[in-house]
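One structure is given here, and the rest of the page talks about it.
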Amino acid sequence: MTIFNLGSINVDHFYRVPHLPVPGETLAATGYDLGLGGKGANQSVAATKMGSRVVHIGMVGPDGSGRDMLDEFGVDVRFVGTEGSVTGNACVYVDGDGENLIVVLPGANHEQSLDLIEGALAEAAPGDHFMLQNEATLGADAARLAKARGCFVVYSAAPFKAGKVAEMLPLADLVVVNDIEAQQLADHLGCGISDLPVPNLIVTHGAKGATWRGAETFEQPAFPVDPVDTTGAGDCFIGAVVAALDQGRPVPEALRFGVAAAALQVTRPGTAQAMPDRDEVEALLRGE
């Protein structure tokens, strides 16, 4: 089947600096890297590298930056517009101790096109999956259209705002949150985590793995690794889980597949470029 993903696309600029800059200071960087980022783009790359067909829906600036990077990973970018003011981007300053300072410009991620969303989802069919996060606008409109086409809607509730997430719950078939977010959402709604009004819920536990709560509950411990960079691990996890579901794997296998993918991803620096492929995940699951 096909995975449709309405999501953010960022171009991330990484600067290595001797110390974090202070107001009024001009500081010479000691290193620089450029990469693809944004929760949406990360999830699309992860699902694509797991072997699924992914159609990304989004917006970048007129220069097409970010869109071209997604295309290089094999993501279908026909519905990524270039009419935004400027591609979303982040400047990340990292000192020798690993401390960072980050400035993010949402840019075109907050300028989504309903026409592009409608055009993409006109190709959707029952059994397809639709993914979204909170870094792009028009998410509720897109989720309604996806449900009308028979898609299974997967909502990653990040960046987390309890009120916004509560409004999205009736539109989602699967909601993904971490431990803290799950409790905050339950407190906001005045219920227990097990009583949250959503058909399926994944609660991630960081280095401890993840839990799927639905008609049945499944626990999946994490794989022991020595992490190098945990940036994008959650996006890798959910992209891999949805790819596994898209490929017909039962829930316990999909959960294990996602946890294994994230375990590999955190052993490498970077975000989208650090996503493993399906063969690597299968090898880890075989104990190789």
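By convention here, the chains of the structure tokens are called A, B, ... in the order presented, each chain's residues are numbered starting at 1, and ligands are numbered starting at 1 in the order presented.
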From a backbone DSSP assignment, name each residue in region 22-178 of chain A labelled strand (DSSP E or B), as a CSV table (one decimal) with N, CA and C atoms, in the first residue's frame.
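Produced file part22.csv, reproduced below:
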```
chain,number,residue,atom,x,y,z
A,31,GLY,N,33.5,24.0,12.6
A,31,GLY,CA,33.0,23.0,11.7
A,31,GLY,C,31.6,23.3,11.3
A,32,TYR,N,31.2,22.7,10.2
A,32,TYR,CA,29.8,22.9,9.7
A,32,TYR,C,29.3,21.7,9.0
A,33,ASP,N,28.0,21.4,9.2
A,33,ASP,CA,27.4,20.3,8.5
A,33,ASP,C,26.0,20.8,8.1
A,34,LEU,N,25.5,20.3,6.9
A,34,LEU,CA,24.1,20.6,6.4
A,34,LEU,C,23.4,19.3,6.3
A,35,GLY,N,22.1,19.3,6.8
A,35,GLY,CA,21.3,18.1,6.7
A,35,GLY,C,19.9,18.3,6.6
A,36,LEU,N,19.1,17.3,6.3
A,36,LEU,CA,17.7,17.3,6.2
A,36,LEU,C,17.1,17.0,7.6
A,37,GLY,N,16.1,17.8,8.0
A,37,GLY,CA,15.5,17.6,9.3
A,37,GLY,C,14.0,17.9,9.2
A,53,ARG,N,6.4,2.6,0.2
A,53,ARG,CA,6.2,3.7,-0.7
A,53,ARG,C,5.6,4.9,0.1
A,54,VAL,N,6.3,6.0,0.1
A,54,VAL,CA,5.9,7.1,0.9
A,54,VAL,C,5.7,8.4,0.0
A,55,VAL,N,4.5,8.9,0.1
A,55,VAL,CA,4.2,10.2,-0.5
A,55,VAL,C,4.2,11.3,0.5
A,56,HIS,N,5.1,12.2,0.4
A,56,HIS,CA,5.2,13.3,1.4
A,56,HIS,C,4.4,14.5,0.9
A,57,ILE,N,3.7,15.1,1.8
A,57,ILE,CA,2.9,16.3,1.5
A,57,ILE,C,3.5,17.4,2.4
A,58,GLY,N,3.9,18.5,1.7
A,58,GLY,CA,4.5,19.6,2.5
A,58,GLY,C,4.8,20.8,1.7
A,59,MET,N,5.5,21.7,2.3
A,59,MET,CA,5.8,23.0,1.6
A,59,MET,C,7.2,23.4,1.9
A,76,ASP,N,8.5,10.1,-2.5
A,76,ASP,CA,7.7,10.8,-3.6
A,76,ASP,C,7.4,12.2,-3.2
A,77,VAL,N,7.9,13.2,-3.9
A,77,VAL,CA,7.7,14.6,-3.5
A,77,VAL,C,6.9,15.4,-4.5
A,78,ARG,N,6.0,14.7,-5.2
A,78,ARG,CA,5.1,15.4,-6.2
A,78,ARG,C,4.2,16.4,-5.5
A,79,PHE,N,3.9,16.2,-4.2
A,79,PHE,CA,3.0,17.0,-3.5
A,79,PHE,C,3.7,17.9,-2.4
A,80,VAL,N,4.9,18.1,-2.7
A,80,VAL,CA,5.7,19.1,-1.9
A,80,VAL,C,5.8,20.4,-2.7
A,81,GLY,N,5.1,21.4,-2.2
A,81,GLY,CA,5.0,22.7,-3.0
A,81,GLY,C,6.3,23.5,-2.7
A,88,GLY,N,11.6,25.8,5.9
A,88,GLY,CA,11.9,25.8,7.3
A,88,GLY,C,13.3,25.4,7.6
A,89,ASN,N,13.9,26.0,8.6
A,89,ASN,CA,15.3,25.7,8.8
A,89,ASN,C,15.7,25.9,10.3
A,90,ALA,N,16.8,25.3,10.7
A,90,ALA,CA,17.3,25.4,12.1
A,90,ALA,C,18.8,25.6,12.0
A,91,CYS,N,19.2,26.5,12.9
A,91,CYS,CA,20.7,26.7,13.1
A,91,CYS,C,21.0,26.1,14.5
A,92,VAL,N,21.9,25.2,14.5
A,92,VAL,CA,22.2,24.5,15.7
A,92,VAL,C,23.7,24.7,16.0
A,93,TYR,N,24.0,25.3,17.1
A,93,TYR,CA,25.3,25.6,17.6
A,93,TYR,C,25.7,24.6,18.7
A,94,VAL,N,26.8,23.9,18.5
A,94,VAL,CA,27.2,22.8,19.4
A,94,VAL,C,28.6,23.1,19.9
A,100,ASN,N,24.2,22.7,23.4
A,100,ASN,CA,23.8,23.3,22.1
A,100,ASN,C,22.8,24.5,22.3
A,101,LEU,N,22.8,25.3,21.3
A,101,LEU,CA,21.8,26.4,21.2
A,101,LEU,C,21.2,26.3,19.8
A,102,ILE,N,19.9,26.3,19.8
A,102,ILE,CA,19.2,26.1,18.5
A,102,ILE,C,18.2,27.2,18.3
A,103,VAL,N,18.2,27.7,17.0
A,103,VAL,CA,17.2,28.7,16.5
A,103,VAL,C,16.4,28.0,15.4
A,104,VAL,N,15.1,28.0,15.5
A,104,VAL,CA,14.3,27.3,14.4
A,104,VAL,C,13.4,28.3,13.8
A,105,LEU,N,13.3,28.3,12.5
A,105,LEU,CA,12.3,29.1,11.7
A,105,LEU,C,11.4,28.2,11.0
A,129,HIS,N,-1.9,4.2,4.8
A,129,HIS,CA,-1.7,4.9,6.1
A,129,HIS,C,-1.4,6.4,5.9
A,130,PHE,N,-1.9,7.2,6.8
A,130,PHE,CA,-1.7,8.7,6.8
A,130,PHE,C,-1.0,9.1,8.1
A,131,MET,N,0.2,9.8,7.9
A,131,MET,CA,0.9,10.2,9.1
A,131,MET,C,0.9,11.7,9.2
A,132,LEU,N,0.9,12.3,10.4
A,132,LEU,CA,1.1,13.7,10.6
A,132,LEU,C,1.7,13.9,12.0
A,152,PHE,N,-5.7,4.7,7.6
A,152,PHE,CA,-5.4,4.5,9.0
A,152,PHE,C,-4.5,5.7,9.4
A,153,VAL,N,-5.0,6.6,10.3
A,153,VAL,CA,-4.4,7.9,10.6
A,153,VAL,C,-3.5,7.7,11.8
A,154,VAL,N,-2.2,8.0,11.6
A,154,VAL,CA,-1.2,7.9,12.7
A,154,VAL,C,-0.7,9.3,13.1
A,155,TYR,N,-1.0,9.7,14.3
A,155,TYR,CA,-0.7,11.1,14.7
A,155,TYR,C,0.4,11.1,15.8
A,156,SER,N,1.6,11.6,15.4
A,156,SER,CA,2.7,11.8,16.4
A,156,SER,C,2.4,13.2,17.1
A,174,LEU,N,-4.3,6.0,15.6
A,174,LEU,CA,-3.1,5.6,16.4
A,174,LEU,C,-2.5,7.0,16.9
A,175,VAL,N,-2.2,7.1,18.1
A,175,VAL,CA,-1.6,8.3,18.7
A,175,VAL,C,-0.3,7.9,19.3
A,176,VAL,N,0.8,8.7,19.1
A,176,VAL,CA,2.1,8.3,19.6
A,176,VAL,C,2.6,9.5,20.5
A,177,VAL,N,2.9,9.1,21.8
A,177,VAL,CA,3.4,10.1,22.8
A,177,VAL,C,4.5,9.4,23.6
A,178,ASN,N,5.2,10.2,24.3
A,178,ASN,CA,6.2,9.6,25.3
A,178,ASN,C,5.5,9.5,26.7
```
Next item on the list: Identify, on the basis of only C-alpha atoms, every residue whose closest approach to region 191-197 of chain A does not exceed 12 Å; exclude the query and any residue fewer than 3 positions from it along the same chain; express the result as a ChimeraX atom specification.
Entry: /A:165-175,177-188,200-203,211-217
Note to self: Quick one: residues within 12 Å of region 111-128 of chain A, only C-alpha atoms, excluding same-chain residues fewer than 5 positions away - as a ChimeraX atom specification?
What the structure shows: /A:1-9,52-61,76-88,106,135-154,242-243,245-248
Selection from above, C-alpha atoms, as a PDB file, in the first residue's frame, can you write it?
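Output below, filename part_28.pdb:
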```pdb
ATOM      1  CA  MET A   1       0.000   0.000   0.000  1.00  0.00           C
ATOM      2  CA  THR A   2       1.050   3.659   0.338  1.00  0.00           C
ATOM      3  CA  ILE A   3       1.991   5.863   3.282  1.00  0.00           C
ATOM      4  CA  PHE A   4       0.983   9.514   2.970  1.00  0.00           C
ATOM      5  CA  ASN A   5       2.724  11.944   5.299  1.00  0.00           C
ATOM      6  CA  LEU A   6       1.816  15.584   5.876  1.00  0.00           C
ATOM      7  CA  GLY A   7       4.882  16.859   7.636  1.00  0.00           C
ATOM      8  CA  SER A   8       7.555  19.439   8.226  1.00  0.00           C
ATOM      9  CA  ILE A   9      10.646  19.774   6.054  1.00  0.00           C
ATOM     10  CA  SER A  52       7.482   1.320   1.931  1.00  0.00           C
ATOM     11  CA  ARG A  53       6.208   3.711  -0.717  1.00  0.00           C
ATOM     12  CA  VAL A  54       5.910   7.136   0.898  1.00  0.00           C
ATOM     13  CA  VAL A  55       4.187  10.203  -0.534  1.00  0.00           C
ATOM     14  CA  HIS A  56       5.237  13.322   1.372  1.00  0.00           C
ATOM     15  CA  ILE A  57       2.908  16.326   1.494  1.00  0.00           C
ATOM     16  CA  GLY A  58       4.480  19.599   2.521  1.00  0.00           C
ATOM     17  CA  MET A  59       5.793  23.007   1.605  1.00  0.00           C
ATOM     18  CA  VAL A  60       9.249  24.504   1.078  1.00  0.00           C
ATOM     19  CA  GLY A  61      10.582  27.785  -0.279  1.00  0.00           C
ATOM     20  CA  ASP A  76       7.673  10.775  -3.580  1.00  0.00           C
ATOM     21  CA  VAL A  77       7.747  14.605  -3.519  1.00  0.00           C
ATOM     22  CA  ARG A  78       5.118  15.399  -6.176  1.00  0.00           C
ATOM     23  CA  PHE A  79       2.973  17.036  -3.500  1.00  0.00           C
ATOM     24  CA  VAL A  80       5.694  19.107  -1.865  1.00  0.00           C
ATOM     25  CA  GLY A  81       5.042  22.675  -2.967  1.00  0.00           C
ATOM     26  CA  THR A  82       7.691  25.342  -3.498  1.00  0.00           C
ATOM     27  CA  GLU A  83       5.418  28.346  -2.943  1.00  0.00           C
ATOM     28  CA  GLY A  84       6.381  28.927   0.681  1.00  0.00           C
ATOM     29  CA  SER A  85       8.170  32.060   1.821  1.00  0.00           C
ATOM     30  CA  VAL A  86      11.303  30.134   2.840  1.00  0.00           C
ATOM     31  CA  THR A  87      12.081  26.503   3.639  1.00  0.00           C
ATOM     32  CA  GLY A  88      11.897  25.769   7.343  1.00  0.00           C
ATOM     33  CA  PRO A 106       9.117  27.220  10.801  1.00  0.00           C
ATOM     34  CA  GLU A 135       5.098  20.909  13.008  1.00  0.00           C
ATOM     35  CA  ALA A 136       2.918  21.571   9.947  1.00  0.00           C
ATOM     36  CA  THR A 137      -0.382  23.428   9.617  1.00  0.00           C
ATOM     37  CA  LEU A 138      -3.739  22.069   8.333  1.00  0.00           C
ATOM     38  CA  GLY A 139      -3.269  18.772  10.167  1.00  0.00           C
ATOM     39  CA  ALA A 140      -6.894  18.431  11.273  1.00  0.00           C
ATOM     40  CA  ASP A 141      -8.195  19.169   7.770  1.00  0.00           C
ATOM     41  CA  ALA A 142      -5.807  16.625   6.291  1.00  0.00           C
ATOM     42  CA  ALA A 143      -6.712  13.967   8.872  1.00  0.00           C
ATOM     43  CA  ARG A 144     -10.422  14.351   8.061  1.00  0.00           C
ATOM     44  CA  LEU A 145      -9.717  13.943   4.348  1.00  0.00           C
ATOM     45  CA  ALA A 146      -7.533  10.898   5.001  1.00  0.00           C
ATOM     46  CA  LYS A 147     -10.191   9.218   7.162  1.00  0.00           C
ATOM     47  CA  ALA A 148     -12.781   9.883   4.471  1.00  0.00           C
ATOM     48  CA  ARG A 149     -10.541   8.001   2.028  1.00  0.00           C
ATOM     49  CA  GLY A 150     -10.296   5.036   4.412  1.00  0.00           C
ATOM     50  CA  CYS A 151      -6.733   5.655   5.616  1.00  0.00           C
ATOM     51  CA  PHE A 152      -5.403   4.548   8.989  1.00  0.00           C
ATOM     52  CA  VAL A 153      -4.401   7.862  10.624  1.00  0.00           C
ATOM     53  CA  VAL A 154      -1.203   7.921  12.708  1.00  0.00           C
ATOM     54  CA  VAL A 242       4.149   2.450  10.242  1.00  0.00           C
ATOM     55  CA  ALA A 243       6.220   0.921   7.440  1.00  0.00           C
ATOM     56  CA  LEU A 245       2.191  -2.111   9.516  1.00  0.00           C
ATOM     57  CA  ASP A 246       1.952  -0.982   5.886  1.00  0.00           C
ATOM     58  CA  GLN A 247       3.778  -4.160   4.874  1.00  0.00           C
ATOM     59  CA  GLY A 248       1.272  -6.323   6.750  1.00  0.00           C
TER      60      GLY A 248
END
```
Item checked: Which of region 50-271 of chain A DSSP labels alpha helix (DSSP H), written as a count of residues only -> 71
Next item on the list: Tell me, as number ranges by chain, which residues lie within 8 Å of Ala244 (chain A), counting only C-alpha atoms; anything in the same chain fewer than 5 positions away does not count.
Entry: A: 50, 249, 253-254, 257-258
Item checked: Selection near Ala240 (chain A), 9 Å with only C-alpha atoms, sequence-local residues under 6 positions removed, as a ChimeraX atom specification -> /A:43,46-50,254-255,257-262,278
Writing out the chosen residues with N, CA, C and O atoms as a CSV table (one decimal), in the first residue's frame:
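For reference, part.csv as written:
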```
chain,number,residue,atom,x,y,z
A,43,GLN,N,10.4,11.2,9.4
A,43,GLN,CA,9.5,10.0,9.4
A,43,GLN,C,9.4,9.4,8.0
A,43,GLN,O,9.3,8.2,7.7
A,46,ALA,N,12.6,7.5,7.1
A,46,ALA,CA,12.6,6.3,7.9
A,46,ALA,C,11.7,5.2,7.2
A,46,ALA,O,12.1,4.1,7.0
A,47,ALA,N,10.5,5.6,6.9
A,47,ALA,CA,9.5,4.7,6.3
A,47,ALA,C,10.0,4.2,4.9
A,47,ALA,O,9.8,3.0,4.5
A,48,THR,N,10.5,5.1,4.2
A,48,THR,CA,11.0,4.8,2.8
A,48,THR,C,12.2,3.8,2.9
A,48,THR,O,12.2,2.8,2.2
A,49,LYS,N,13.1,4.0,3.8
A,49,LYS,CA,14.3,3.1,3.9
A,49,LYS,C,13.9,1.8,4.5
A,49,LYS,O,14.6,0.8,4.3
A,50,MET,N,12.7,1.7,5.1
A,50,MET,CA,12.2,0.4,5.6
A,50,MET,C,11.5,-0.3,4.4
A,50,MET,O,10.9,-1.4,4.6
A,254,ALA,N,5.6,-5.2,14.4
A,254,ALA,CA,5.8,-3.8,14.0
A,254,ALA,C,6.5,-3.0,15.1
A,254,ALA,O,7.4,-2.2,14.9
A,255,LEU,N,6.0,-3.3,16.3
A,255,LEU,CA,6.6,-2.6,17.5
A,255,LEU,C,8.0,-3.0,17.6
A,255,LEU,O,8.9,-2.1,17.9
A,257,PHE,N,10.0,-4.1,15.4
A,257,PHE,CA,10.7,-3.6,14.2
A,257,PHE,C,11.1,-2.1,14.4
A,257,PHE,O,12.2,-1.7,14.2
A,258,GLY,N,10.2,-1.3,14.9
A,258,GLY,CA,10.4,0.1,15.2
A,258,GLY,C,11.5,0.3,16.3
A,258,GLY,O,12.3,1.2,16.1
A,259,VAL,N,11.4,-0.5,17.3
A,259,VAL,CA,12.4,-0.3,18.4
A,259,VAL,C,13.8,-0.7,17.9
A,259,VAL,O,14.8,-0.1,18.3
A,260,ALA,N,13.9,-1.7,17.1
A,260,ALA,CA,15.2,-2.1,16.5
A,260,ALA,C,15.7,-1.0,15.6
A,260,ALA,O,16.9,-0.7,15.6
A,261,ALA,N,14.9,-0.4,14.8
A,261,ALA,CA,15.3,0.6,13.9
A,261,ALA,C,15.9,1.8,14.7
A,261,ALA,O,16.9,2.4,14.3
A,262,ALA,N,15.2,2.2,15.7
A,262,ALA,CA,15.6,3.3,16.5
A,262,ALA,C,16.9,3.0,17.2
A,262,ALA,O,17.8,3.9,17.4
A,278,ARG,N,16.0,-1.4,5.8
A,278,ARG,CA,15.3,-2.6,6.3
A,278,ARG,C,16.3,-3.8,6.5
A,278,ARG,O,16.1,-4.5,7.5
```
Next item on the list: Identify which of the residues A:Pro269, A:Pro224, A:Pro252, A:Gly234 lies closest to Gly287 (chain A), counting only C-alpha atoms when measuring atom-to-atom distances.
Entry: A:Pro224
Next item on the list: Can you work out the spacing between CA of Phe237 (chain A) and CA of Gln273 (chain A) in Å, to one decimal?
Entry: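 These two atoms are separated by 14.5 Å.
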Next item on the list: Would you mind reading off the distance between CA of Leu284 (chain A) and CA of Val75 (chain A), one decimal, in Å?
Entry: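 We find that CA of Leu284 (chain A) and CA of Val75 (chain A) lie 24.4 Å from each other.
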